[in-house]
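Chemist: Input target33.txt, format and content: compact mmCIF, C-alpha atoms.
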# COMPACT_ATOMS: atom_id res chain seq x y z
CA MET A 536 18.80 117.63 -119.96
CA HIS A 537 16.09 120.24 -119.41
CA LYS A 538 12.44 119.84 -120.42
CA SER A 539 9.99 122.72 -120.75
CA GLY A 540 6.59 123.13 -122.34
CA PHE A 541 3.12 124.64 -122.29
CA VAL A 542 0.45 122.23 -121.04
CA ASN A 543 -2.89 123.79 -121.91
CA ILE A 544 -5.99 122.60 -120.05
CA ILE A 545 -9.21 122.77 -122.05
CA GLY A 546 -12.75 121.42 -121.68
CA ASN A 547 -16.37 122.26 -120.94
CA PRO A 548 -17.33 124.51 -118.03
CA ASN A 549 -17.47 122.85 -114.62
CA VAL A 550 -15.61 119.62 -115.50
CA GLY A 551 -12.85 120.26 -112.98
CA LYS A 552 -10.14 121.98 -115.05
CA SER A 553 -9.24 124.44 -112.30
CA THR A 554 -9.28 121.73 -109.61
CA LEU A 555 -6.93 119.59 -111.70
CA MET A 556 -4.58 122.49 -112.39
CA ASN A 557 -4.42 123.40 -108.72
CA ALA A 558 -3.69 119.76 -107.87
CA LEU A 559 -0.85 119.69 -110.41
CA VAL A 560 0.58 123.08 -109.44
CA GLY A 561 0.03 122.75 -105.69
CA GLU A 562 -1.37 126.25 -105.28
CA LYS A 563 -4.89 127.65 -105.51
CA LEU A 564 -4.41 129.70 -108.67
CA SER A 565 -7.77 129.22 -110.37
CA ILE A 566 -11.23 129.77 -108.95
CA ILE A 567 -12.93 126.56 -107.85
CA THR A 568 -16.68 126.60 -107.29
CA SER A 569 -19.60 124.36 -108.18
CA LYS A 570 -20.85 126.93 -110.68
CA ALA A 571 -20.14 126.77 -114.42
CA GLN A 572 -18.19 129.40 -116.40
CA THR A 573 -16.03 130.22 -113.39
CA THR A 574 -12.67 130.86 -115.06
CA ARG A 575 -12.81 133.77 -117.52
CA HIS A 576 -9.11 134.26 -118.37
CA ARG A 577 -6.09 132.16 -119.22
CA ILE A 578 -4.25 131.59 -115.96
CA MET A 579 -0.74 130.17 -115.94
CA GLY A 580 0.72 128.05 -113.16
CA ILE A 581 4.44 127.35 -113.42
CA VAL A 582 6.00 124.24 -111.89
CA ASN A 583 9.77 123.75 -111.71
CA GLY A 584 11.48 120.62 -110.51
CA GLU A 585 13.85 117.76 -111.05
CA ARG A 586 13.21 114.05 -111.41
CA LYS A 587 15.14 110.88 -112.09
CA THR A 588 14.65 108.90 -115.30
CA GLU A 589 14.52 105.10 -115.42
CA ASN A 590 18.20 105.20 -116.33
CA GLY A 591 18.98 107.14 -113.17
CA GLU A 592 19.69 110.37 -115.02
CA SER A 593 18.56 113.68 -113.57
CA VAL A 594 16.15 115.80 -115.66
CA GLU A 595 15.22 119.35 -114.75
CA PHE A 596 11.83 120.55 -115.94
CA GLN A 597 9.53 123.54 -116.14
CA ILE A 598 5.85 122.86 -116.85
CA VAL A 599 3.73 125.89 -117.72
CA TYR A 600 0.14 124.88 -117.07
CA THR A 601 -2.59 127.08 -118.51
CA ASP A 602 -6.15 126.94 -117.20
CA THR A 603 -8.64 128.25 -119.76
CA PRO A 604 -12.31 129.30 -119.66
CA GLY A 605 -14.84 126.56 -120.21
CA ILE A 606 -15.82 125.95 -123.84
CA VAL A 607 -19.14 127.69 -124.52
CA ASN A 608 -21.28 128.84 -127.42
CA PRO A 609 -21.03 132.63 -127.03
CA HIS A 610 -24.05 134.73 -126.00
CA TYR A 611 -22.15 137.90 -125.03
CA LYS A 612 -18.99 139.63 -126.23
CA LEU A 613 -17.54 138.45 -122.90
CA HIS A 614 -18.08 134.85 -124.05
CA GLU A 615 -16.45 135.63 -127.40
CA SER A 616 -13.39 136.94 -125.59
CA MET A 617 -13.33 133.87 -123.31
CA MET A 618 -13.42 131.62 -126.38
CA GLY A 619 -10.59 133.70 -127.83
CA PHE A 620 -8.47 132.58 -124.86
CA VAL A 621 -9.47 128.96 -125.57
CA ASN A 622 -8.59 129.24 -129.27
CA SER A 623 -5.19 130.77 -128.50
CA ALA A 624 -4.56 127.91 -126.05
CA VAL A 625 -5.30 125.45 -128.85
CA GLN A 626 -2.69 127.13 -131.05
CA ASP A 627 0.27 127.45 -128.69
CA ALA A 628 0.22 124.18 -126.73
CA ASP A 629 3.01 121.61 -126.49
CA LEU A 630 0.49 119.26 -124.90
CA PHE A 631 -3.28 119.30 -124.41
CA LEU A 632 -4.97 118.20 -121.23
CA LEU A 633 -8.55 117.73 -122.44
CA VAL A 634 -10.60 117.46 -119.27
CA THR A 635 -13.99 115.76 -119.52
CA GLU A 636 -16.29 114.00 -117.14
CA VAL A 637 -18.46 110.93 -117.35
CA GLY A 638 -21.73 111.62 -119.17
CA GLU A 639 -20.75 114.71 -121.20
CA THR A 640 -19.25 115.62 -124.57
CA LEU A 641 -17.66 118.86 -125.76
CA LYS A 642 -20.26 121.58 -126.35
CA ASN A 643 -18.20 123.31 -129.05
CA GLN A 644 -17.18 120.75 -131.68
CA ASN A 645 -14.91 123.27 -133.45
CA VAL A 646 -12.43 123.08 -130.59
CA LEU A 647 -12.47 119.26 -130.65
CA GLN A 648 -11.89 119.29 -134.42
CA LYS A 649 -8.87 121.59 -133.98
CA VAL A 650 -7.43 119.28 -131.33
CA VAL A 651 -8.01 116.20 -133.50
CA ALA A 652 -6.51 117.90 -136.58
CA SER A 653 -3.37 119.03 -134.79
CA ASN A 654 -0.24 116.94 -134.27
CA ILE A 655 0.01 118.03 -130.65
CA PRO A 656 -0.04 115.24 -128.05
CA VAL A 657 -3.26 114.87 -126.07
CA ILE A 658 -4.05 113.50 -122.65
CA VAL A 659 -7.81 113.07 -122.17
CA VAL A 660 -8.68 113.21 -118.48
CA VAL A 661 -12.00 111.60 -117.61
CA ASN A 662 -12.61 113.41 -114.34
CA LYS A 663 -15.04 112.91 -111.44
CA ILE A 664 -14.95 109.12 -111.67
CA ASP A 665 -15.72 109.01 -107.94
CA LEU A 666 -19.26 110.04 -108.93
CA SER A 667 -19.82 107.20 -111.41
CA ASP A 668 -19.73 103.41 -111.83
CA GLN A 669 -17.06 101.26 -113.48
CA ALA A 670 -19.08 100.29 -116.57
CA THR A 671 -19.91 103.91 -117.40
CA ILE A 672 -16.30 104.96 -116.87
CA GLN A 673 -14.99 102.22 -119.20
CA ALA A 674 -17.53 103.20 -121.87
CA LYS A 675 -16.38 106.84 -121.66
CA ILE A 676 -12.72 105.83 -121.92
CA ALA A 677 -13.53 103.79 -125.03
CA TYR A 678 -15.47 106.74 -126.49
CA TRP A 679 -12.52 109.11 -126.19
CA GLN A 680 -10.04 106.55 -127.52
CA GLU A 681 -12.24 106.34 -130.60
CA GLN A 682 -12.61 110.13 -130.89
CA ILE A 683 -8.85 110.84 -130.58
CA PRO A 684 -6.94 107.61 -131.32
CA ARG A 685 -3.52 109.14 -130.54
CA ALA A 686 -4.62 110.32 -127.09
CA VAL A 687 -3.72 108.82 -123.73
CA VAL A 688 -7.00 108.50 -121.80
CA ILE A 689 -6.75 108.59 -118.00
CA PRO A 690 -9.64 108.21 -115.52
CA CYS A 691 -9.21 110.66 -112.66
CA SER A 692 -10.71 112.26 -109.58
CA ALA A 693 -8.98 115.62 -109.18
CA THR A 694 -10.76 116.37 -105.89
CA GLU A 695 -9.63 113.03 -104.40
CA GLY A 696 -6.16 113.18 -106.02
CA PHE A 697 -6.73 109.84 -107.78
CA ASN A 698 -4.42 109.37 -110.80
CA VAL A 699 -3.07 112.95 -110.62
CA ASN A 700 0.46 111.49 -110.34
CA THR A 701 -0.23 109.29 -113.37
CA ILE A 702 -1.22 112.37 -115.37
CA PHE A 703 2.01 114.09 -114.26
CA ASP A 704 4.09 111.07 -115.36
CA HIS A 705 2.55 111.17 -118.85
CA ILE A 706 3.07 114.93 -119.04
CA MET A 707 6.77 114.38 -118.35
CA ASP A 708 6.91 111.75 -121.11
CA PHE A 709 5.47 114.21 -123.65
CA LEU A 710 7.34 117.32 -122.46
CA PRO A 711 9.86 118.47 -125.12
CA GLU A 712 13.50 119.33 -124.46
CA ASN A 713 13.66 123.10 -124.07
CA PRO A 714 15.28 125.67 -121.79
CA PRO A 715 12.98 127.24 -119.17
CA TYR A 716 10.57 129.91 -120.44
CA PHE A 717 10.20 131.73 -117.11
CA PRO A 718 12.48 132.47 -114.15
CA LYS A 719 12.65 129.46 -111.86
CA ASP A 720 11.18 131.30 -108.87
CA GLU A 721 7.97 132.36 -110.66
CA LEU A 722 4.70 130.62 -109.81
CA THR A 723 2.43 132.41 -112.27
CA ASP A 724 2.36 135.16 -114.88
CA ARG A 725 -0.47 136.93 -113.05
CA SER A 726 -0.20 139.78 -110.54
CA MET A 727 -1.38 139.79 -106.94
CA ARG A 728 -4.07 142.30 -107.96
CA PHE A 729 -5.43 139.76 -110.41
CA PHE A 730 -5.70 137.03 -107.78
CA VAL A 731 -7.36 139.36 -105.29
CA SER A 732 -10.02 140.18 -107.89
CA GLU A 733 -10.45 136.46 -108.60
CA ILE A 734 -10.85 135.67 -104.89
CA VAL A 735 -13.55 138.33 -104.50
CA ARG A 736 -15.31 137.06 -107.62
CA GLU A 737 -15.15 133.49 -106.32
CA LYS A 738 -16.91 134.56 -103.10
CA ILE A 739 -19.61 136.29 -105.15
CA LEU A 740 -20.12 133.01 -107.01
CA LEU A 741 -20.43 131.13 -103.74
CA LEU A 742 -22.62 133.58 -101.81
CA TYR A 743 -25.10 134.80 -104.44
CA ASP A 744 -27.59 132.95 -106.65
CA LYS A 745 -29.03 133.23 -110.14
CA GLU A 746 -27.64 135.81 -112.55
CA ILE A 747 -25.76 137.90 -109.97
CA PRO A 748 -22.35 136.13 -110.19
CA TYR A 749 -22.33 136.18 -113.99
CA SER A 750 -23.20 139.88 -114.12
CA CYS A 751 -20.30 140.85 -111.83
CA GLU A 752 -16.71 141.80 -112.51
CA VAL A 753 -14.10 142.85 -109.96
CA ALA A 754 -11.30 145.39 -110.41
CA VAL A 755 -8.68 146.23 -107.78
CA GLU A 756 -8.34 150.01 -107.62
CA SER A 757 -5.44 150.19 -105.18
CA TYR A 758 -3.11 147.68 -103.54
CA LYS A 759 -0.79 149.09 -100.88
CA GLU A 760 1.59 146.51 -99.45
CA GLY A 761 2.87 146.74 -95.91
CA GLU A 762 5.19 144.56 -93.87
CA THR A 763 2.34 142.97 -91.93
CA LEU A 764 -0.80 144.54 -93.45
CA ASP A 765 -1.94 145.06 -97.06
CA LYS A 766 -4.57 147.72 -97.77
CA ILE A 767 -6.74 146.85 -100.77
CA SER A 768 -9.59 148.74 -102.41
CA ALA A 769 -11.71 146.92 -104.99
CA LEU A 770 -14.70 147.83 -107.16
CA ILE A 771 -17.42 145.31 -107.97
CA PHE A 772 -19.13 146.13 -111.25
CA VAL A 773 -22.72 145.04 -111.93
CA GLU A 774 -25.11 145.73 -114.81
CA ARG A 775 -28.21 146.97 -112.97
CA ASP A 776 -29.19 148.91 -109.84
CA SER A 777 -31.25 145.93 -108.66
CA GLN A 778 -28.11 143.76 -108.72
CA LYS A 779 -26.26 146.37 -106.65
CA ALA A 780 -29.02 146.27 -104.06
CA ILE A 781 -28.83 142.45 -103.87
CA LEU A 782 -25.04 142.53 -103.43
CA ILE A 783 -25.34 145.04 -100.57
CA GLY A 784 -28.19 143.20 -98.87
CA HIS A 785 -30.37 144.30 -95.97
CA GLN A 786 -28.49 146.86 -93.87
CA GLY A 787 -25.30 145.97 -95.73
CA LYS A 788 -25.13 142.46 -94.26
CA SER A 789 -24.44 140.67 -97.57
CA ILE A 790 -21.53 142.87 -98.68
CA LYS A 791 -20.07 142.64 -95.17
CA LYS A 792 -20.13 138.84 -95.30
CA LEU A 793 -18.59 138.92 -98.77
CA GLY A 794 -15.75 141.09 -97.48
CA ILE A 795 -15.09 138.84 -94.49
CA GLU A 796 -14.97 135.66 -96.62
CA ALA A 797 -12.77 137.25 -99.30
CA ARG A 798 -10.38 138.71 -96.72
CA LYS A 799 -9.82 135.26 -95.15
CA ASP A 800 -8.68 133.78 -98.48
CA ILE A 801 -6.58 136.83 -99.40
CA GLU A 802 -4.76 136.60 -96.06
CA GLU A 803 -4.18 132.87 -96.59
CA PHE A 804 -2.88 133.56 -100.12
CA THR A 805 -0.54 136.41 -99.14
CA GLY A 806 0.46 135.25 -95.68
CA LYS A 807 -0.33 138.71 -94.26
CA LYS A 808 -3.22 140.57 -92.68
CA CYS A 809 -5.44 142.50 -95.06
CA PHE A 810 -7.74 145.50 -94.92
CA LEU A 811 -10.26 145.08 -97.75
CA ASP A 812 -12.56 147.88 -98.89
CA LEU A 813 -15.30 146.78 -101.30
CA ARG A 814 -17.50 149.17 -103.25
CA ILE A 815 -20.11 148.54 -105.96
CA LYS A 816 -20.58 150.41 -109.23
CA VAL A 817 -23.24 149.97 -111.94
CA LEU A 818 -21.81 149.66 -115.46
CA LYS A 819 -24.72 148.89 -117.75
CA ASP A 820 -24.32 146.00 -120.21
CA TRP A 821 -20.56 145.68 -119.56
CA ARG A 822 -20.54 142.11 -120.91
CA ASN A 823 -21.28 143.51 -124.39
CA SER A 824 -19.05 146.60 -124.14
CA ASP A 825 -15.71 146.46 -125.98
CA ARG A 826 -14.38 149.30 -123.84
CA ALA A 827 -15.35 147.63 -120.56
CA LEU A 828 -13.98 144.27 -121.65
CA ARG A 829 -10.63 145.86 -122.53
CA GLN A 830 -10.64 147.57 -119.13
CA PHE A 831 -11.12 144.22 -117.42
CA GLY A 832 -8.39 142.54 -119.49
CA TYR A 833 -10.54 140.38 -121.74
CA GLU A 834 -9.26 141.73 -125.04
CA GLY A 835 -5.64 142.06 -126.00
CA ASP A 836 -4.69 139.84 -123.04
Translate the structure described by the file into C-alpha cells.

Modeler:
Amino acid sequence: MHKSGFVNIIGNPNVGKSTLMNALVGEKLSIITSKAQTTRHRIMGIVNGERKTENGESVEFQIVYTDTPGIVNPHYKLHESMMGFVNSAVQDADLFLLVTEVGETLKNQNVLQKVVASNIPVIVVVNKIDLSDQATIQAKIAYWQEQIPRAVVIPCSATEGFNVNTIFDHIMDFLPENPPYFPKDELTDRSMRFFVSEIVREKILLLYDKEIPYSCEVAVESYKEGETLDKISALIFVERDSQKAILIGHQGKSIKKLGIEARKDIEEFTGKKCFLDLRIKVLKDWRNSDRALRQFGYEGD
C-alpha cells in the first residue's frame, strides 16, 4: 500500500503555520518570525517515509505539505495575490490543517465557509497552548468543534513540539491511497534561489521595524555554485528612497549586519560557505504593480 496526498496548511497570519510545517517536515522551509504576514507564497515541503499499521503491515507514504500566506483582507495587489494562493490551496487539498490559536478567529470568513462547505477532511490545530490556561483552551476546542463538526480538533504547541506526533498520526489516517506525486528524494518544489531570497527577507523582518519589512522584496540575480563556496548576488527592492537609506544605515552598518546574518543561515541551509552580495533598488509602489508582482512570482505561480 502507498498513501500520498496534499496537506494544505491555512490560517490567520502569525498563528504558527510555518513553525508547524517545519516541525512536520523537519527542515526550515518557511520563514519563521514574530511578525505577521511573513509567508507570501505557497511553499511545499515533501515528506516520504514508511510506517507500520496496527496490523503490522508496512505502508509507504508521501505527504506534500503546503504552507500558505496568512488569511488577510487585501489592501494591496500583493495581498490579492497572496489570497489567490490561499484560495488555490482550499481547492486542491486532500486534507486541511486549519491552524488557529487561543483567543482568535479567522479574519476572512469566506475561507472558513469554503472549508466548511467542502467534503475535505479537516484537522483544526489550536496552537500556542503553552501561552494559555486549560479553561480557555477547552473553550476554544469546543468552539471549533461547533464551527466544523466533522473536524478533528487538536491542541498543540508547535514551538515546544507538543502533540505534533498526534497531528501526524491523524494525517496518516486521512491520507488517501495514491502513488507518489514527486520523486522520493525531493524535499520541496522550490529552488535554492527561492530559499536564499526568503532567508534574506526573514532577516529584514527581524532586523528592521515598522513598514520597512513589508515594503521589501528580494530577488536573487545570480547564484554560482562551487564545490566549497557559493557566490550569490541579490537585489532588495523597496518602494521609497527613504526606505533604502534605512536599510543601508549609518556608514552601511545596517546592510552589513543584514548580510552577515543572512549568510550564516544560507551556509547552514546549503552546508557550504557563501559569498553574499546585497544591493538595494527603489521600485516605486511595487506592491500594486502587476508587472513587478509577476516578476517576483506572485501571479501565475

Chemist: Given all atoms listed in the file, how would the per-residue table for segment 676-736 of chain A near segment 744-755 of chain A read, listing every residue at most 8 Å away with its closest atom pair and distance in Å to one decimal, sorted by chain and number, as JSON lines?

Modeler:
{"residue": "A:Arg728", "atom": "CA", "partner": "A:Val755", "partner_atom": "CA", "distance": 6.1}
{"residue": "A:Phe729", "atom": "CA", "partner": "A:Val755", "partner_atom": "CA", "distance": 7.7}
{"residue": "A:Val731", "atom": "CA", "partner": "A:Val755", "partner_atom": "CA", "distance": 7.4}
{"residue": "A:Ser732", "atom": "CA", "partner": "A:Val753", "partner_atom": "CA", "distance": 5.3}
{"residue": "A:Glu733", "atom": "CA", "partner": "A:Val753", "partner_atom": "CA", "distance": 7.5}
{"residue": "A:Val735", "atom": "CA", "partner": "A:Val753", "partner_atom": "CA", "distance": 7.1}
{"residue": "A:Arg736", "atom": "CA", "partner": "A:Val753", "partner_atom": "CA", "distance": 6.4}

Chemist: Fewer than 5 positions away in the same chain doesn't count, so skip those; otherwise give me all residues within 12 Å of Ile795 of chain A, counting only C-alpha atoms, as JSON, numbers by chain.

Modeler: {"A": [734, 735, 738, 739, 742, 788, 789, 790, 800, 801, 802, 809, 810, 811, 812, 813]}

Chemist: Using all atoms listed in the file, find each residue of segment 687-722 of chain A with at least one atom at most 12 Å away from an atom of segment 644-655 of chain A; report its shortest atom-to-atom pair and that distance in Å (one decimal), sort the rows by chain and rising residue number, and return the result as CSV.

Modeler:
residue,atom,partner,partner_atom,distance
A:Phe709,CA,A:Ile655,CA,9.7
A:Leu710,CA,A:Ile655,CA,11.0
A:Pro711,CA,A:Ile655,CA,11.3

Chemist: Next, write the just-selected residues to a file, as an mmCIF file, in the coordinates of the input, keeping C-alpha atoms as the atom set.

Modeler:
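What landed in selection.cif:
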data_model
loop_
_atom_site.group_PDB
_atom_site.id
_atom_site.type_symbol
_atom_site.label_atom_id
_atom_site.label_comp_id
_atom_site.auth_asym_id
_atom_site.auth_seq_id
_atom_site.Cartn_x
_atom_site.Cartn_y
_atom_site.Cartn_z
ATOM 1 C CA PHE A 709 5.470 114.210 -123.650
ATOM 2 C CA LEU A 710 7.340 117.320 -122.460
ATOM 3 C CA PRO A 711 9.860 118.470 -125.120
#

Chemist: Please compute the atom CA of Leu559 of chain A-atom CA of Ile598 of chain A distance, one decimal, in Å.

Modeler: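 Between atom CA of Leu559 of chain A and atom CA of Ile598 of chain A the gap works out to 9.8 Å.
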
Chemist: With all atoms listed in the file as the atoms that count, which of A:Leu782, A:Val550, A:Leu793, A:Met727 lies nearest to Ser757 of chain A?

Modeler: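 Among A:Leu782, A:Val550, A:Leu793, A:Met727, it is A:Met727 that comes nearest to Ser757 of chain A.
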
Chemist: Could you tell me how far atom CA of Val687 of chain A lies from atom CA of Val659 of chain A, in Å and to one decimal?

Modeler: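 The value is 6.1 Å.
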
Chemist: Nearest to Ser777 of chain A: which of A:Lys792, A:Lys816, A:Lys759, A:Arg822 is it, counting all atoms listed in the file?

Modeler: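 Closest to Ser777 of chain A, using all atoms listed in the file: A:Lys816.
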
Chemist: Go ahead and compute the interatomic distance for atom CA of His537 of chain A and atom CA of Gln597 of chain A, in Å to one decimal.

Modeler: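 Straight-line distance from atom CA of His537 of chain A to atom CA of Gln597 of chain A works out to 8.0 Å.
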
Chemist: Closest to Tyr600 of chain A among A:Thr723, A:Asn698, A:Asn549, A:Thr554, using all atoms listed in the file?

Modeler: A:Thr723

Chemist: Leaving out Ala558 of chain A and any residue of its chain fewer than 6 positions from it, which residues lie within 12 Å of it when counting all atoms listed in the file, given as a count of residues only?

Modeler: 20

Chemist: With distances taken over only C-alpha atoms, which of A:Arg798, A:His785, A:Lys791, A:Arg775 is nearest to Asp820 of chain A?

Modeler: A:Arg775
